[in-house]
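Participant: Sending over query26.pdb (PDB, C-alpha atoms).
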ATOM      1  CA  MET T  23       0.000   0.000   0.000
ATOM      2  CA  ASN T  24       1.703   3.171  -1.183
ATOM      3  CA  ALA T  25      -1.045   5.712  -1.909
ATOM      4  CA  PRO T  26      -3.620   7.219   0.458
ATOM      5  CA  GLN T  27      -6.228   8.031  -2.220
ATOM      6  CA  GLN T  28      -9.603   6.387  -1.901
ATOM      7  CA  VAL T  29      -9.809   3.693  -4.556
ATOM      8  CA  VAL T  30     -12.290   0.939  -5.264
ATOM      9  CA  ILE T  31     -11.486  -2.759  -5.047
ATOM     10  CA  SER T  32     -13.537  -5.439  -6.734
ATOM     11  CA  PRO T  33     -15.914  -7.326  -4.423
ATOM     12  CA  ASP T  34     -14.351 -10.635  -5.491
ATOM     13  CA  ALA T  35     -10.845  -9.575  -4.421
ATOM     14  CA  GLU T  36     -12.080  -8.302  -1.084
ATOM     15  CA  GLN T  37     -14.078 -11.498  -0.548
ATOM     16  CA  LYS T  38     -10.977 -13.614  -1.226
ATOM     17  CA  MET T  39      -9.031 -11.705   1.435
ATOM     18  CA  GLN T  40     -11.843 -12.155   3.933
ATOM     19  CA  GLU T  41     -11.943 -15.885   3.180
ATOM     20  CA  ALA T  42      -8.163 -16.202   3.532
ATOM     21  CA  LEU T  43      -8.297 -14.487   6.921
ATOM     22  CA  LYS T  44     -11.180 -16.708   8.039
ATOM     23  CA  LEU T  45      -9.314 -19.844   6.927
ATOM     24  CA  GLN T  46      -6.177 -18.888   8.857
ATOM     25  CA  ARG T  47      -8.051 -17.884  12.001
ATOM     26  CA  GLU T  48     -10.094 -21.099  12.068
ATOM     27  CA  SER T  49      -6.955 -23.192  11.484
ATOM     28  CA  TYR T  50      -5.083 -21.307  14.214
ATOM     29  CA  LEU T  51      -7.870 -21.858  16.756
ATOM     30  CA  ALA T  52      -8.236 -25.514  15.792
ATOM     31  CA  GLU T  53      -4.496 -26.160  16.160
ATOM     32  CA  GLY T  54      -4.280 -24.892  19.725
ATOM     33  CA  PHE T  55      -0.810 -24.843  21.237
ATOM     34  CA  VAL T  56       1.855 -24.624  18.525
ATOM     35  CA  SER T  57       4.708 -26.977  19.401
ATOM     36  CA  LEU T  58       8.390 -26.153  19.063
ATOM     37  CA  ASP T  59       8.790 -28.739  16.283
ATOM     38  CA  VAL T  60       5.999 -27.209  14.222
ATOM     39  CA  ARG T  61       7.475 -23.729  14.580
ATOM     40  CA  LYS T  62      10.926 -24.976  13.582
ATOM     41  CA  ASP T  63       9.473 -26.757  10.573
ATOM     42  CA  ARG T  64       7.818 -23.567   9.358
ATOM     43  CA  LEU T  65      11.033 -21.586   9.762
ATOM     44  CA  ASP T  66      13.019 -24.303   7.977
ATOM     45  CA  ARG T  67      10.628 -24.223   5.043
ATOM     46  CA  ALA T  68      11.058 -20.449   4.760
ATOM     47  CA  ILE T  69      14.853 -20.790   4.849
ATOM     48  CA  ASP T  70      14.838 -23.606   2.286
ATOM     49  CA  ILE T  71      12.789 -21.644  -0.236
ATOM     50  CA  LEU T  72      15.086 -18.624   0.070
ATOM     51  CA  VAL T  73      18.202 -20.751  -0.400
ATOM     52  CA  LYS T  74      16.628 -22.543  -3.348
ATOM     53  CA  ASN T  75      15.536 -19.350  -5.106
ATOM     54  CA  ALA T  76      18.435 -17.032  -4.244
ATOM     55  CA  ASP T  77      19.404 -16.471  -7.874
ATOM     56  CA  ARG T  78      15.795 -15.970  -8.986
ATOM     57  CA  ILE T  79      15.317 -13.427  -6.203
ATOM     58  CA  SER T  80      18.366 -11.480  -7.357
ATOM     59  CA  ASP T  81      17.198 -11.549 -10.980
ATOM     60  CA  ALA T  82      13.697 -10.386 -10.001
ATOM     61  CA  LEU T  83      15.071  -7.538  -7.896
ATOM     62  CA  ASN T  84      17.360  -6.474 -10.715
ATOM     63  CA  GLU T  85      14.415  -6.455 -13.124
ATOM     64  CA  ASP T  86      12.263  -4.359 -10.792
ATOM     65  CA  PHE T  87      15.044  -1.916  -9.899
ATOM     66  CA  VAL T  88      16.460  -1.920 -13.477
ATOM     67  CA  CYS T  89      20.014  -2.056 -12.113
ATOM     68  CA  ARG T  90      20.614  -3.451  -8.628
ATOM     69  CA  PRO T  91      23.965  -5.185  -7.938
ATOM     70  CA  ARG T  92      23.843  -8.889  -7.196
ATOM     71  CA  ALA T  93      26.026  -8.393  -4.106
ATOM     72  CA  VAL T  94      23.442  -5.988  -2.656
ATOM     73  CA  ASN T  95      20.574  -8.367  -3.447
ATOM     74  CA  MET T  96      22.295 -11.316  -1.833
ATOM     75  CA  MET T  97      23.507  -9.410   1.230
ATOM     76  CA  THR T  98      20.358  -7.487   2.077
ATOM     77  CA  ASP T  99      17.323  -9.385   0.828
ATOM     78  CA  VAL T 100      18.533 -12.999   0.762
ATOM     79  CA  ALA T 101      21.196 -13.374   3.472
ATOM     80  CA  GLY T 102      19.454 -10.789   5.675
ATOM     81  CA  SER T 103      16.208 -12.743   5.554
ATOM     82  CA  ILE T 104      17.877 -16.071   6.203
ATOM     83  CA  GLY T 105      19.831 -14.588   9.105
ATOM     84  CA  SER T 106      16.644 -13.452  10.844
ATOM     85  CA  LEU T 107      15.010 -16.851  10.347
ATOM     86  CA  LYS T 108      18.076 -18.647  11.718
ATOM     87  CA  HIS T 109      18.228 -16.317  14.716
ATOM     88  CA  CYS T 110      14.632 -17.079  15.635
ATOM     89  CA  ARG T 111      15.170 -20.796  15.136
ATOM     90  CA  LYS T 112      18.185 -20.725  17.456
ATOM     91  CA  HIS T 113      16.511 -18.828  20.316
ATOM     92  CA  MET T 114      12.903 -19.944  19.940
ATOM     93  CA  ALA T 115      12.971 -22.648  22.614
ATOM     94  CA  LYS T 116      14.183 -20.133  25.199
ATOM     95  CA  TRP T 117      11.585 -17.572  24.140
ATOM     96  CA  MET T 118       8.775 -20.101  24.585
ATOM     97  CA  LYS T 119       9.587 -20.747  28.248
ATOM     98  CA  SER T 120       7.410 -19.144  30.890
ATOM     99  CA  GLU T 121       8.961 -16.532  33.189
ATOM    100  CA  LYS T 122       8.379 -16.392  36.935
ATOM    101  CA  ARG T 123       7.135 -13.194  38.527
ATOM    102  CA  PRO T 124       6.615 -12.320  42.215
ATOM    103  CA  SER T 125       3.068 -12.684  43.491
ATOM    104  CA  LEU T 126       1.702  -9.533  45.126
ATOM    105  CA  PHE T 127      -0.067  -9.242  48.480
ATOM    106  CA  PRO T 128      -2.357 -10.868  49.470
ATOM    107  CA  LEU T 129      -2.035 -13.655  46.872
ATOM    108  CA  ASN T 130       1.507 -14.433  48.007
ATOM    109  CA  LEU T 131       0.201 -15.174  51.515
ATOM    110  CA  LEU T 132      -2.325 -17.601  50.065
ATOM    111  CA  GLY T 133       0.231 -19.666  48.167
ATOM    112  CA  GLY T 134      -0.246 -17.870  44.865
ATOM    113  CA  ARG T 135       2.366 -18.305  42.149
ATOM    114  CA  SER T 136       2.743 -15.937  39.201
ATOM    115  CA  HIS T 137       4.391 -16.364  35.830
ATOM    116  CA  ILE T 138       4.189 -15.001  32.281
ATOM    117  CA  GLU T 139       3.122 -17.448  29.587
ATOM    118  CA  TYR T 140       3.939 -16.215  26.086
ATOM    119  CA  GLN T 141       1.212 -17.026  23.578
ATOM    120  CA  PRO T 142       0.738 -16.318  19.869
ATOM    121  CA  LYS T 143      -1.722 -13.637  18.830
ATOM    122  CA  GLY T 144      -3.301 -15.365  15.852
ATOM    123  CA  VAL T 145      -3.242 -13.986  12.300
ATOM    124  CA  VAL T 146      -0.729 -11.208  11.583
ATOM    125  CA  GLY T 147      -0.785  -8.984   8.493
ATOM    126  CA  ILE T 148       2.473  -7.811   6.899
ATOM    127  CA  VAL T 149       2.548  -4.734   4.638
ATOM    128  CA  ALA T 150       5.989  -4.628   3.016
ATOM    129  CA  PRO T 151       7.728  -1.681   1.277
ATOM    130  CA  TRP T 152       9.539  -1.608  -2.049
ATOM    131  CA  ASN T 153      13.101  -0.784  -0.956
ATOM    132  CA  PHE T 154      13.852  -4.265   0.446
ATOM    133  CA  PRO T 155      10.855  -6.198  -0.867
ATOM    134  CA  VAL T 156      12.054  -9.667   0.142
ATOM    135  CA  SER T 157      13.696  -9.053   3.508
ATOM    136  CA  MET T 158      10.827  -6.828   4.673
ATOM    137  CA  VAL T 159       8.554  -9.840   4.161
ATOM    138  CA  PHE T 160      10.692 -12.658   5.535
ATOM    139  CA  GLN T 161      12.273 -10.818   8.466
ATOM    140  CA  PRO T 162       8.899  -9.994  10.077
ATOM    141  CA  LEU T 163       7.730 -13.465   9.064
ATOM    142  CA  ALA T 164      10.557 -14.968  11.122
ATOM    143  CA  GLY T 165       9.185 -13.453  14.331
ATOM    144  CA  ILE T 166       5.590 -14.213  13.398
ATOM    145  CA  LEU T 167       6.187 -17.911  12.738
ATOM    146  CA  SER T 168       8.529 -18.410  15.696
ATOM    147  CA  ALA T 169       5.784 -17.026  17.955
ATOM    148  CA  GLY T 170       3.305 -19.558  16.581
ATOM    149  CA  ASN T 171       1.197 -17.177  14.498
ATOM    150  CA  ARG T 172      -0.226 -17.312  10.987
ATOM    151  CA  ALA T 173       0.534 -14.596   8.421
ATOM    152  CA  MET T 174      -0.995 -12.784   5.462
ATOM    153  CA  VAL T 175       1.501 -10.835   3.345
ATOM    154  CA  LYS T 176       0.930  -7.784   1.125
ATOM    155  CA  PRO T 177       4.142  -7.098  -0.852
ATOM    156  CA  SER T 178       4.720  -3.804  -2.617
ATOM    157  CA  GLU T 179       3.058  -3.098  -5.972
ATOM    158  CA  PHE T 180       6.155  -1.103  -6.993
ATOM    159  CA  THR T 181       8.199  -4.311  -7.315
ATOM    160  CA  PRO T 182       5.743  -6.477  -9.290
ATOM    161  CA  VAL T 183       8.201  -9.115 -10.499
ATOM    162  CA  THR T 184       9.600  -9.665  -7.003
ATOM    163  CA  SER T 185       6.126  -9.627  -5.457
ATOM    164  CA  ASP T 186       4.926 -12.325  -7.838
ATOM    165  CA  LEU T 187       7.997 -14.409  -7.001
ATOM    166  CA  ILE T 188       7.360 -13.999  -3.266
ATOM    167  CA  ALA T 189       3.781 -15.193  -3.760
ATOM    168  CA  GLU T 190       5.027 -18.181  -5.745
ATOM    169  CA  MET T 191       7.657 -19.141  -3.152
ATOM    170  CA  ILE T 192       5.265 -18.861  -0.209
ATOM    171  CA  ALA T 193       2.600 -20.908  -2.011
ATOM    172  CA  GLU T 194       5.179 -23.615  -2.730
ATOM    173  CA  VAL T 195       6.129 -24.325   0.885
ATOM    174  CA  PHE T 196       3.198 -23.092   2.980
ATOM    175  CA  ASP T 197      -0.418 -24.097   3.139
ATOM    176  CA  PRO T 198      -2.737 -21.068   2.752
ATOM    177  CA  SER T 199      -3.877 -21.677   6.328
ATOM    178  CA  GLU T 200      -0.294 -20.984   7.497
ATOM    179  CA  VAL T 201       0.998 -18.180   5.277
ATOM    180  CA  THR T 202      -0.582 -16.604   2.211
ATOM    181  CA  THR T 203       0.172 -13.657  -0.071
ATOM    182  CA  VAL T 204      -2.112 -10.943  -1.434
ATOM    183  CA  VAL T 205      -0.744  -9.199  -4.527
ATOM    184  CA  GLY T 206      -2.206  -6.009  -5.975
ATOM    185  CA  GLY T 207      -2.146  -2.225  -6.164
ATOM    186  CA  PRO T 208      -3.089   0.491  -3.677
ATOM    187  CA  GLU T 209      -6.758  -0.516  -3.723
ATOM    188  CA  VAL T 210      -5.776  -3.986  -2.524
ATOM    189  CA  GLY T 211      -3.482  -2.429   0.076
ATOM    190  CA  GLN T 212      -6.281  -0.296   1.489
ATOM    191  CA  ALA T 213      -8.618  -3.275   1.735
ATOM    192  CA  PHE T 214      -5.828  -5.373   3.254
ATOM    193  CA  THR T 215      -5.153  -2.895   6.062
ATOM    194  CA  SER T 216      -8.884  -2.793   6.829
ATOM    195  CA  LEU T 217      -9.000  -6.510   7.655
ATOM    196  CA  PRO T 218      -9.551  -7.445  11.329
ATOM    197  CA  PHE T 219      -6.127  -8.968  11.956
ATOM    198  CA  ASP T 220      -4.907  -9.864  15.419
ATOM    199  CA  HIS T 221      -1.833  -7.714  14.730
ATOM    200  CA  MET T 222      -0.428  -5.812  11.752
ATOM    201  CA  ILE T 223       3.138  -4.897  10.797
ATOM    202  CA  PHE T 224       3.752  -1.988   8.430
ATOM    203  CA  THR T 225       7.099  -0.787   7.086
ATOM    204  CA  GLY T 226       7.138   2.395   5.041
ATOM    205  CA  ALA T 227       6.593   6.128   4.953
ATOM    206  CA  THR T 228       5.099   8.069   7.851
ATOM    207  CA  SER T 229       2.479   9.662   5.571
ATOM    208  CA  ILE T 230       1.155   6.238   4.555
ATOM    209  CA  ALA T 231       1.399   4.918   8.105
ATOM    210  CA  ARG T 232      -1.234   7.435   9.210
ATOM    211  CA  HIS T 233      -3.722   5.907   6.795
ATOM    212  CA  VAL T 234      -2.726   2.373   7.764
ATOM    213  CA  LEU T 235      -3.216   3.144  11.430
ATOM    214  CA  ALA T 236      -6.584   4.779  10.754
ATOM    215  CA  SER T 237      -7.768   1.691   8.873
ATOM    216  CA  ALA T 238      -6.526  -0.633  11.597
ATOM    217  CA  ALA T 239      -8.139   1.452  14.327
ATOM    218  CA  ARG T 240     -11.611   0.714  12.952
ATOM    219  CA  ASN T 241     -11.113  -2.911  14.011
ATOM    220  CA  LEU T 242      -8.928  -2.098  17.058
ATOM    221  CA  VAL T 243      -6.015  -3.915  15.413
ATOM    222  CA  PRO T 244      -2.711  -3.311  17.257
ATOM    223  CA  CYS T 245       0.067  -2.242  14.893
ATOM    224  CA  THR T 246       3.832  -2.255  14.706
ATOM    225  CA  LEU T 247       5.000   0.645  12.517
ATOM    226  CA  GLU T 248       8.594   0.730  11.272
ATOM    227  CA  LEU T 249       8.996   4.173   9.711
ATOM    228  CA  GLY T 250      11.790   6.215   8.214
ATOM    229  CA  GLY T 251      13.387   9.201   9.912
ATOM    230  CA  LYS T 252      16.494  11.279  10.365
ATOM    231  CA  SER T 253      19.702   9.397  11.136
ATOM    232  CA  PRO T 254      22.500  11.729  12.272
ATOM    233  CA  VAL T 255      26.071  10.495  12.621
ATOM    234  CA  VAL T 256      28.368  11.930  15.301
ATOM    235  CA  ILE T 257      32.105  11.704  14.555
ATOM    236  CA  SER T 258      34.275  12.687  17.509
ATOM    237  CA  ARG T 259      37.873  13.889  17.543
ATOM    238  CA  SER T 260      39.112  10.479  18.675
ATOM    239  CA  ALA T 261      37.475   8.644  15.754
ATOM    240  CA  ASP T 262      39.399   6.942  12.970
ATOM    241  CA  LEU T 263      38.290   9.393  10.275
ATOM    242  CA  PRO T 264      39.062   7.299   7.143
ATOM    243  CA  GLN T 265      37.273   4.294   8.627
ATOM    244  CA  ALA T 266      34.360   6.390   9.839
ATOM    245  CA  ILE T 267      33.744   8.086   6.482
ATOM    246  CA  GLU T 268      34.056   4.758   4.659
ATOM    247  CA  ARG T 269      31.332   3.276   6.849
ATOM    248  CA  VAL T 270      29.173   6.370   6.494
ATOM    249  CA  MET T 271      29.410   6.278   2.703
ATOM    250  CA  LEU T 272      28.670   2.555   2.661
ATOM    251  CA  GLY T 273      25.496   3.147   4.659
ATOM    252  CA  LYS T 274      24.548   6.151   2.533
ATOM    253  CA  THR T 275      25.065   4.499  -0.858
ATOM    254  CA  LEU T 276      23.792   0.985  -0.124
ATOM    255  CA  ASN T 277      20.539   0.498  -2.054
ATOM    256  CA  ALA T 278      20.964   4.055  -3.384
ATOM    257  CA  GLY T 279      20.417   5.350   0.147
ATOM    258  CA  GLN T 280      16.902   3.910   0.348
ATOM    259  CA  ILE T 281      17.317   2.542   3.884
ATOM    260  CA  CYS T 282      15.533   3.804   6.971
ATOM    261  CA  LEU T 283      18.877   3.920   8.803
ATOM    262  CA  ALA T 284      20.873   5.602   6.023
ATOM    263  CA  PRO T 285      23.045   8.422   7.462
ATOM    264  CA  ASP T 286      21.245  11.709   6.942
ATOM    265  CA  TYR T 287      23.830  14.242   8.098
ATOM    266  CA  LEU T 288      27.136  14.415  10.003
ATOM    267  CA  LEU T 289      28.101  16.207  13.196
ATOM    268  CA  VAL T 290      31.898  16.575  13.115
ATOM    269  CA  PRO T 291      34.614  18.746  14.683
ATOM    270  CA  GLU T 292      35.041  21.894  12.622
ATOM    271  CA  GLU T 293      38.742  21.282  12.000
ATOM    272  CA  SER T 294      37.967  17.859  10.454
ATOM    273  CA  TRP T 295      35.322  19.064   8.037
ATOM    274  CA  MET T 296      37.506  19.569   4.932
ATOM    275  CA  LYS T 297      39.324  16.261   5.447
ATOM    276  CA  LEU T 298      36.019  14.432   5.559
ATOM    277  CA  CYS T 299      34.832  16.170   2.395
ATOM    278  CA  ASN T 300      38.008  15.179   0.553
ATOM    279  CA  TRP T 301      37.904  11.562   1.739
ATOM    280  CA  ARG T 302      34.231  11.256   0.867
ATOM    281  CA  GLN T 303      34.851  11.113  -2.881
ATOM    282  CA  SER T 304      37.449   8.350  -2.717
ATOM    283  CA  ARG T 305      35.357   6.283  -0.293
ATOM    284  CA  LEU T 306      32.300   6.702  -2.492
ATOM    285  CA  ALA T 307      34.228   5.388  -5.488
ATOM    286  CA  LYS T 308      35.344   2.408  -3.405
ATOM    287  CA  CYS T 309      31.733   1.607  -2.444
ATOM    288  CA  ILE T 310      30.667   1.716  -6.081
ATOM    289  CA  ARG T 311      33.475  -0.630  -7.112
ATOM    290  CA  LEU T 312      32.643  -2.969  -4.234
ATOM    291  CA  PHE T 313      29.026  -3.492  -5.269
ATOM    292  CA  CYS T 314      28.920  -2.966  -9.021
ATOM    293  CA  ARG T 315      31.955  -5.093  -9.906
ATOM    294  CA  THR T 316      31.061  -8.029  -7.687
ATOM    295  CA  ARG T 317      29.744 -10.905  -9.788
ATOM    296  CA  ILE T 318      30.277 -13.779  -7.378
ATOM    297  CA  THR T 319      28.854 -14.421  -3.947
ATOM    298  CA  PRO T 320      31.537 -13.956  -1.224
ATOM    299  CA  PRO T 321      32.192 -16.978   1.060
ATOM    300  CA  LEU T 322      30.725 -15.123   4.056
ATOM    301  CA  LEU T 323      27.428 -14.708   2.221
ATOM    302  CA  MET T 324      27.569 -18.311   0.994
ATOM    303  CA  ASN T 325      27.644 -19.453   4.634
ATOM    304  CA  ALA T 326      24.832 -17.081   5.595
ATOM    305  CA  MET T 327      22.696 -18.370   2.721
ATOM    306  CA  SER T 328      22.772 -22.007   3.804
ATOM    307  CA  ASN T 329      20.273 -23.847   6.014
ATOM    308  CA  ASP T 330      22.827 -25.016   8.590
TER     309      ASP T 330
END
Once you've parsed the file, please lay out its structure as structure tokens.

Facilitator:
Amino acid sequence: MNAPQQVVISPDAEQKMQEALKLQRESYLAEGFVSLDVRKDRLDRAIDILVKNADRISDALNEDFVCRPRAVNMMTDVAGSIGSLKHCRKHMAKWMKSEKRPSLFPLNLLGGRSHIEYQPKGVVGIVAPWNFPVSMVFQPLAGILSAGNRAMVKPSEFTPVTSDLIAEMIAEVFDPSEVTTVVGGPEVGQAFTSLPFDHMIFTGATSIARHVLASAARNLVPCTLELGGKSPVVISRSADLPQAIERVMLGKTLNAGQICLAPDYLLVPEESWMKLCNWRQSRLAKCIRLFCRTRITPPLLMNAMSND
């Protein structure tokens, strides 16, 4: 969803979304407690499909973006997604354990015992942006599945080739009652955010988030909003200036700067200002060579993109 204008969606498309939500909610309630093995299996399936389709993902991203380096695709959208899924798989058993809490008066005098039991919410909606169209689907999905939830995904309409591939991959390894994808334009996005989810995750612009939150509020749907903002960088007198500016330029140029955490401006000692300006050009050229001339996948990314 990337436009706040009021648009009309066909009744059939809206009905299909309602049916998909109903199917997932009924399946979630019928399943009851989601075991550790089931959660691991769902995460493993997500990892496997990313590993299997890594090259297709890179090709789709390059087609949507016209020119997006393979190294960037593999590092951000593929390896980044797999890393999040692996992290959840590693720590999930610990997260599922209940936590003891002190019982307050007078229940403590009556033998009361208190603890927190973490439970899934149900069906979670994901509205993904265009700048990292794969990782902004699979990274939230990692937390959703590890918590025992079901998910409905709305990828961005601005990356149609990648969105279609995401829908194909998810349909290949997940039953529609577990995870399903809804593909379409802003009219589909508006209808999607109006569904009565148990939780919704939106990543994107603040201006669009206002409309998303307004739609969700009609059904009292709690939301997690991951929005862009200003990202200042403070460079002190004790900093290694060449290293600092190299890292700043890497963060600023990665994905053409379309990252919510991309450095926005620098706060530096006045006497270092001209040095930083001079070094900026050489470091920028190095970043361009690093990404645009890389045709193979580095060993570090090869390890990250496995299902070990």

Participant: Report as a list in words the residues that result from applying the PyMOL selection byres ((chain T and resi 62) around 9) to the structure here.

Facilitator: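 Checked against the file, the PyMOL selection byres ((chain T and resi 62) around 9) matches Ser57, Leu58, Asp59, Val60, Arg61, Asp63, Arg64, Leu65, Asp66, Arg67, Cys110, Arg111, Met114, Leu167 and Ser168 of chain T.
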
Participant: Would you mind exporting the chosen residues as a PDB file, in the frame of the given file, restricted to C-alpha atoms?

Facilitator:
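Contents of the output file selection-v7.pdb:
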ATOM      1  CA  SER T  57       4.708 -26.977  19.401  1.00  0.00           C
ATOM      2  CA  LEU T  58       8.390 -26.153  19.063  1.00  0.00           C
ATOM      3  CA  ASP T  59       8.790 -28.739  16.283  1.00  0.00           C
ATOM      4  CA  VAL T  60       5.999 -27.209  14.222  1.00  0.00           C
ATOM      5  CA  ARG T  61       7.475 -23.729  14.580  1.00  0.00           C
ATOM      6  CA  ASP T  63       9.473 -26.757  10.573  1.00  0.00           C
ATOM      7  CA  ARG T  64       7.818 -23.567   9.358  1.00  0.00           C
ATOM      8  CA  LEU T  65      11.033 -21.586   9.762  1.00  0.00           C
ATOM      9  CA  ASP T  66      13.019 -24.303   7.977  1.00  0.00           C
ATOM     10  CA  ARG T  67      10.628 -24.223   5.043  1.00  0.00           C
ATOM     11  CA  CYS T 110      14.632 -17.079  15.635  1.00  0.00           C
ATOM     12  CA  ARG T 111      15.170 -20.796  15.136  1.00  0.00           C
ATOM     13  CA  MET T 114      12.903 -19.944  19.940  1.00  0.00           C
ATOM     14  CA  LEU T 167       6.187 -17.911  12.738  1.00  0.00           C
ATOM     15  CA  SER T 168       8.529 -18.410  15.696  1.00  0.00           C
TER      16      SER T 168
END

Participant: Which value, in Å to one decimal, gives the distance between atom CA of T:Arg90 and atom CA of T:Val159?

Facilitator: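 Between atom CA of T:Arg90 and atom CA of T:Val159 the gap is 18.7 Å.
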
Participant: Using the chain letters and numbers from the file, which residues does the PyMOL selection byres ((chain T and resi 289) around 10) grab, as a compact mmCIF listing (two decimals) with C-alpha atoms, in the frame of the given file?

Facilitator:
# COMPACT_ATOMS: atom_id res chain seq x y z
CA PRO T 254 22.50 11.73 12.27
CA VAL T 255 26.07 10.50 12.62
CA VAL T 256 28.37 11.93 15.30
CA ILE T 257 32.10 11.70 14.56
CA SER T 258 34.28 12.69 17.51
CA TYR T 287 23.83 14.24 8.10
CA LEU T 288 27.14 14.42 10.00
CA VAL T 290 31.90 16.58 13.12
CA PRO T 291 34.61 18.75 14.68
CA GLU T 292 35.04 21.89 12.62
CA TRP T 295 35.32 19.06 8.04

Participant: Evaluated on this file, the PyMOL selection byres ((chain T and resi 277) around 8) picks out some residues - which ones are they, written as number ranges by chain?

Facilitator: T: 90, 94, 153, 275-276, 278-281

Participant: For T:Gly102, which residue out of T:Phe127, T:Phe214, T:Phe180, T:Phe154 is the nearest one, using all atoms listed in the file?

Facilitator: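 Comparing T:Phe127, T:Phe214, T:Phe180, T:Phe154 against T:Gly102, the winner is T:Phe154.
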
Participant: Work out how far atom CA of T:Ser178 is from atom CA of T:Gly144, in Å to one decimal.

Facilitator: 23.2 Å

Participant: Name the closest residue to T:Tyr140 among the candidates T:Pro198, T:Phe55, T:Val156, T:Ser216; distances are taken between atoms, counting only C-alpha atoms.

Facilitator: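 Comparing T:Pro198, T:Phe55, T:Val156, T:Ser216 against T:Tyr140, the winner is T:Phe55.
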
Participant: State, in Å with one decimal place, the distance from atom CA of T:Lys74 to atom CA of T:Gly170.

Facilitator: 24.2 Å

Participant: I'd like the neighbourhood of T:Ile192 as a ChimeraX atom specification, where a residue qualifies if any of its atoms comes within 10 Å (using all atoms listed in the file), though same-chain residues fewer than 4 positions away should be ignored.

Facilitator: /T:67-68,71-72,175,187-188,196-198,200-203

Participant: Can you write out the residues you just picked, keeping C-alpha atoms, as a PDB file, in the coordinates of the input?

Facilitator:
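And here's again.pdb as it stands now:
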ATOM      1  CA  ARG T  67      10.628 -24.223   5.043  1.00  0.00           C
ATOM      2  CA  ALA T  68      11.058 -20.449   4.760  1.00  0.00           C
ATOM      3  CA  ILE T  71      12.789 -21.644  -0.236  1.00  0.00           C
ATOM      4  CA  LEU T  72      15.086 -18.624   0.070  1.00  0.00           C
ATOM      5  CA  VAL T 175       1.501 -10.835   3.345  1.00  0.00           C
ATOM      6  CA  LEU T 187       7.997 -14.409  -7.001  1.00  0.00           C
ATOM      7  CA  ILE T 188       7.360 -13.999  -3.266  1.00  0.00           C
ATOM      8  CA  PHE T 196       3.198 -23.092   2.980  1.00  0.00           C
ATOM      9  CA  ASP T 197      -0.418 -24.097   3.139  1.00  0.00           C
ATOM     10  CA  PRO T 198      -2.737 -21.068   2.752  1.00  0.00           C
ATOM     11  CA  GLU T 200      -0.294 -20.984   7.497  1.00  0.00           C
ATOM     12  CA  VAL T 201       0.998 -18.180   5.277  1.00  0.00           C
ATOM     13  CA  THR T 202      -0.582 -16.604   2.211  1.00  0.00           C
ATOM     14  CA  THR T 203       0.172 -13.657  -0.071  1.00  0.00           C
TER      15      THR T 203
END

Participant: Leaving out T:Ala35 and any residue of its chain fewer than 5 positions from it, which residues lie within 12 Å of it when counting all atoms listed in the file, given as a VMD selection string?

Facilitator: chain T and resid 30 40 to 42 204 to 207 209 to 214

Participant: Step by step, gather every atom of stretch 283-295 of chain T that the file lists, find the box along x, y and z that holds them, add 6 Å on each side, and finally give centre and edge lengths in Å to one decimal, as JSON.

Facilitator:
{"center_x": 28.8, "center_y": 12.9, "center_z": 10.4, "size_x": 31.9, "size_y": 30.0, "size_z": 20.7}

Participant: Please provide as a PyMOL selection string all residues within 10 Å of T:Ser136, with the sequence filter that same-chain residues fewer than 4 positions apart are discarded (counting all atoms listed in the file).

Facilitator: chain T and resi 121-126+129-130

Participant: Keeping only C-alpha atoms, write the selected residues to a file as a compact mmCIF listing (two decimals), in the coordinates of the input.

Facilitator:
# COMPACT_ATOMS: atom_id res chain seq x y z
CA GLU T 121 8.96 -16.53 33.19
CA LYS T 122 8.38 -16.39 36.94
CA ARG T 123 7.14 -13.19 38.53
CA PRO T 124 6.62 -12.32 42.22
CA SER T 125 3.07 -12.68 43.49
CA LEU T 126 1.70 -9.53 45.13
CA LEU T 129 -2.04 -13.66 46.87
CA ASN T 130 1.51 -14.43 48.01
